[in-house]
Amino acid sequence: MDGSDGFPETVDAAVRLLITMVPKAEQARIAAMARDELVVLHFGLGLWIRNNLGLWQGNRALLEACGVQSADDASTFLIEAFWRERRALEPKLH
(Lines give C-alpha, C1' and ligand atoms only; values in the text may rest on other atoms or scores of the structure.)
Protein backbone atom coordinates (compact mmCIF):
# COMPACT_ATOMS: atom_id res chain seq x y z
CA MET A 1 0.00 0.00 0.00
CA ASP A 2 1.18 3.51 -0.71
CA GLY A 3 1.26 6.07 2.04
CA SER A 4 -0.52 9.39 1.93
CA ASP A 5 2.73 10.91 0.64
CA GLY A 6 2.66 8.57 -2.36
CA PHE A 7 5.68 6.54 -1.30
CA PRO A 8 5.41 2.74 -1.15
CA GLU A 9 5.23 1.44 2.41
CA THR A 10 5.97 -2.25 1.82
CA VAL A 11 8.73 -4.18 0.10
CA ASP A 12 6.17 -5.70 -2.26
CA ALA A 13 4.82 -2.28 -3.27
CA ALA A 14 8.36 -0.97 -3.83
CA VAL A 15 9.29 -3.98 -5.98
CA ARG A 16 6.07 -3.63 -8.02
CA LEU A 17 6.94 0.03 -8.62
CA LEU A 18 10.45 -0.89 -9.74
CA ILE A 19 9.01 -3.44 -12.17
CA THR A 20 7.01 -0.63 -13.80
CA MET A 21 9.90 1.86 -13.80
CA VAL A 22 12.96 -0.17 -14.79
CA PRO A 23 13.20 -0.93 -18.53
CA LYS A 24 12.75 -4.62 -19.42
CA ALA A 25 16.28 -4.93 -20.84
CA GLU A 26 17.72 -3.56 -17.58
CA GLN A 27 15.54 -5.94 -15.57
CA ALA A 28 16.96 -8.86 -17.56
CA ARG A 29 20.51 -7.58 -17.02
CA ILE A 30 19.93 -7.31 -13.27
CA ALA A 31 18.32 -10.76 -13.12
CA ALA A 32 21.41 -12.23 -14.79
CA MET A 33 23.77 -10.74 -12.22
CA ALA A 34 25.25 -12.74 -9.37
CA ARG A 35 24.15 -11.57 -5.93
CA ASP A 36 27.63 -10.24 -5.10
CA GLU A 37 27.55 -8.09 -8.26
CA LEU A 38 24.49 -6.13 -7.12
CA VAL A 39 26.74 -3.68 -5.25
CA VAL A 40 27.47 -1.99 -8.61
CA LEU A 41 23.83 -0.80 -8.60
CA HIS A 42 24.30 1.27 -5.42
CA PHE A 43 24.93 4.61 -7.15
CA GLY A 44 22.51 4.06 -10.05
CA LEU A 45 19.36 2.15 -9.21
CA GLY A 46 20.10 2.44 -5.49
CA LEU A 47 20.34 6.22 -5.69
CA TRP A 48 17.07 6.35 -7.63
CA ILE A 49 15.42 4.22 -4.94
CA ARG A 50 16.76 6.41 -2.13
CA ASN A 51 15.67 9.61 -3.89
CA ASN A 52 12.27 8.51 -5.19
CA LEU A 53 10.88 6.11 -2.59
CA GLY A 54 11.15 8.59 0.25
CA LEU A 55 14.00 6.91 2.08
CA TRP A 56 15.71 10.25 2.72
CA GLN A 57 12.38 11.96 3.38
CA GLY A 58 11.49 9.80 6.36
CA ASN A 59 9.55 6.92 4.82
CA ARG A 60 9.64 5.06 8.14
CA ALA A 61 7.13 2.44 6.98
CA LEU A 62 9.38 1.28 4.14
CA LEU A 63 12.52 1.40 6.28
CA GLU A 64 10.76 -0.75 8.88
CA ALA A 65 9.42 -3.11 6.21
CA CYS A 66 13.01 -3.62 5.06
CA GLY A 67 14.08 -4.19 8.66
CA VAL A 68 16.79 -1.53 8.51
CA GLN A 69 17.48 1.97 9.83
CA SER A 70 19.32 3.68 6.97
CA ALA A 71 18.36 4.70 3.44
CA ASP A 72 21.49 3.00 2.07
CA ASP A 73 20.65 -0.30 3.75
CA ALA A 74 17.02 -0.09 2.59
CA SER A 75 18.03 0.52 -1.03
CA THR A 76 20.36 -2.49 -0.86
CA PHE A 77 17.56 -4.61 0.58
CA LEU A 78 15.12 -3.43 -2.12
CA ILE A 79 17.60 -4.07 -4.93
CA GLU A 80 18.02 -7.63 -3.65
CA ALA A 81 14.25 -8.09 -3.38
CA PHE A 82 13.84 -6.79 -6.95
CA TRP A 83 16.66 -9.08 -8.13
CA ARG A 84 15.06 -12.13 -6.47
CA GLU A 85 11.69 -11.29 -8.03
CA ARG A 86 13.17 -10.88 -11.50
CA ARG A 87 15.24 -14.08 -11.19
CA ALA A 88 12.14 -16.03 -10.22
CA LEU A 89 10.63 -15.11 -13.59
CA GLU A 90 13.70 -16.03 -15.67
CA PRO A 91 13.40 -19.31 -17.60
CA LYS A 92 15.49 -22.09 -16.08
CA LEU A 93 17.79 -24.11 -18.32
CA HIS A 94 18.36 -27.68 -17.19
# chains A, B, ... in the order shown; residues from 1 in each chain; ligands from 1
$ residues_around --residues "A:Leu38" --least-positions-apart "3" --cutoff "12 Å" --atoms "only C-alpha atoms" --output "list in words"
Arg29, Ile30, Ala31, Ala32, Met33, Ala34, Arg35, Leu41, His42, Phe43, Gly44, Leu45, Gly46, Ser75, Thr76, Phe77, Leu78, Ile79, Glu80, Ala81, Phe82, Trp83 and Arg84 of chain A
$ residues_around --residues "stretch 3-19 of chain A" --least-positions-apart "5" --cutoff "6 Å" --atoms "only C-alpha atoms" --output "list in words"
Leu53, Ala61, Leu62, Ala65 and Phe82 of chain A
$ write_last_selection --atoms "N, CA, C and O atoms" --output "PDB file, in the first residue's frame"
ATOM      1  N   LEU A  53      11.782   6.893  -3.431  1.00  0.00           N
ATOM      2  CA  LEU A  53      10.879   6.113  -2.590  1.00  0.00           C
ATOM      3  C   LEU A  53      10.796   6.666  -1.175  1.00  0.00           C
ATOM      4  O   LEU A  53      10.287   6.027  -0.270  1.00  0.00           O
ATOM      5  N   ALA A  61       7.828   3.703   7.245  1.00  0.00           N
ATOM      6  CA  ALA A  61       7.131   2.440   6.983  1.00  0.00           C
ATOM      7  C   ALA A  61       7.971   1.538   6.093  1.00  0.00           C
ATOM      8  O   ALA A  61       8.106   0.334   6.359  1.00  0.00           O
ATOM      9  N   LEU A  62       8.570   2.102   5.045  1.00  0.00           N
ATOM     10  CA  LEU A  62       9.377   1.283   4.142  1.00  0.00           C
ATOM     11  C   LEU A  62      10.694   0.870   4.802  1.00  0.00           C
ATOM     12  O   LEU A  62      11.128  -0.271   4.654  1.00  0.00           O
ATOM     13  N   ALA A  65       9.749  -1.914   6.993  1.00  0.00           N
ATOM     14  CA  ALA A  65       9.416  -3.109   6.209  1.00  0.00           C
ATOM     15  C   ALA A  65      10.673  -3.820   5.729  1.00  0.00           C
ATOM     16  O   ALA A  65      10.705  -5.054   5.618  1.00  0.00           O
ATOM     17  N   PHE A  82      14.140  -6.946  -5.518  1.00  0.00           N
ATOM     18  CA  PHE A  82      13.837  -6.791  -6.950  1.00  0.00           C
ATOM     19  C   PHE A  82      14.572  -7.852  -7.756  1.00  0.00           C
ATOM     20  O   PHE A  82      13.997  -8.494  -8.635  1.00  0.00           O
TER      21      PHE A  82
END
$ closest_residue --among "A:Leu47, A:Trp56, A:Ala28, A:Pro23" --to "A:Arg87" --atoms "only C-alpha atoms"
A:Ala28
$ atom_distance --atom1 "atom CA of A:Ala71" --atom2 "atom CA of A:Gly54"
8.8 Å
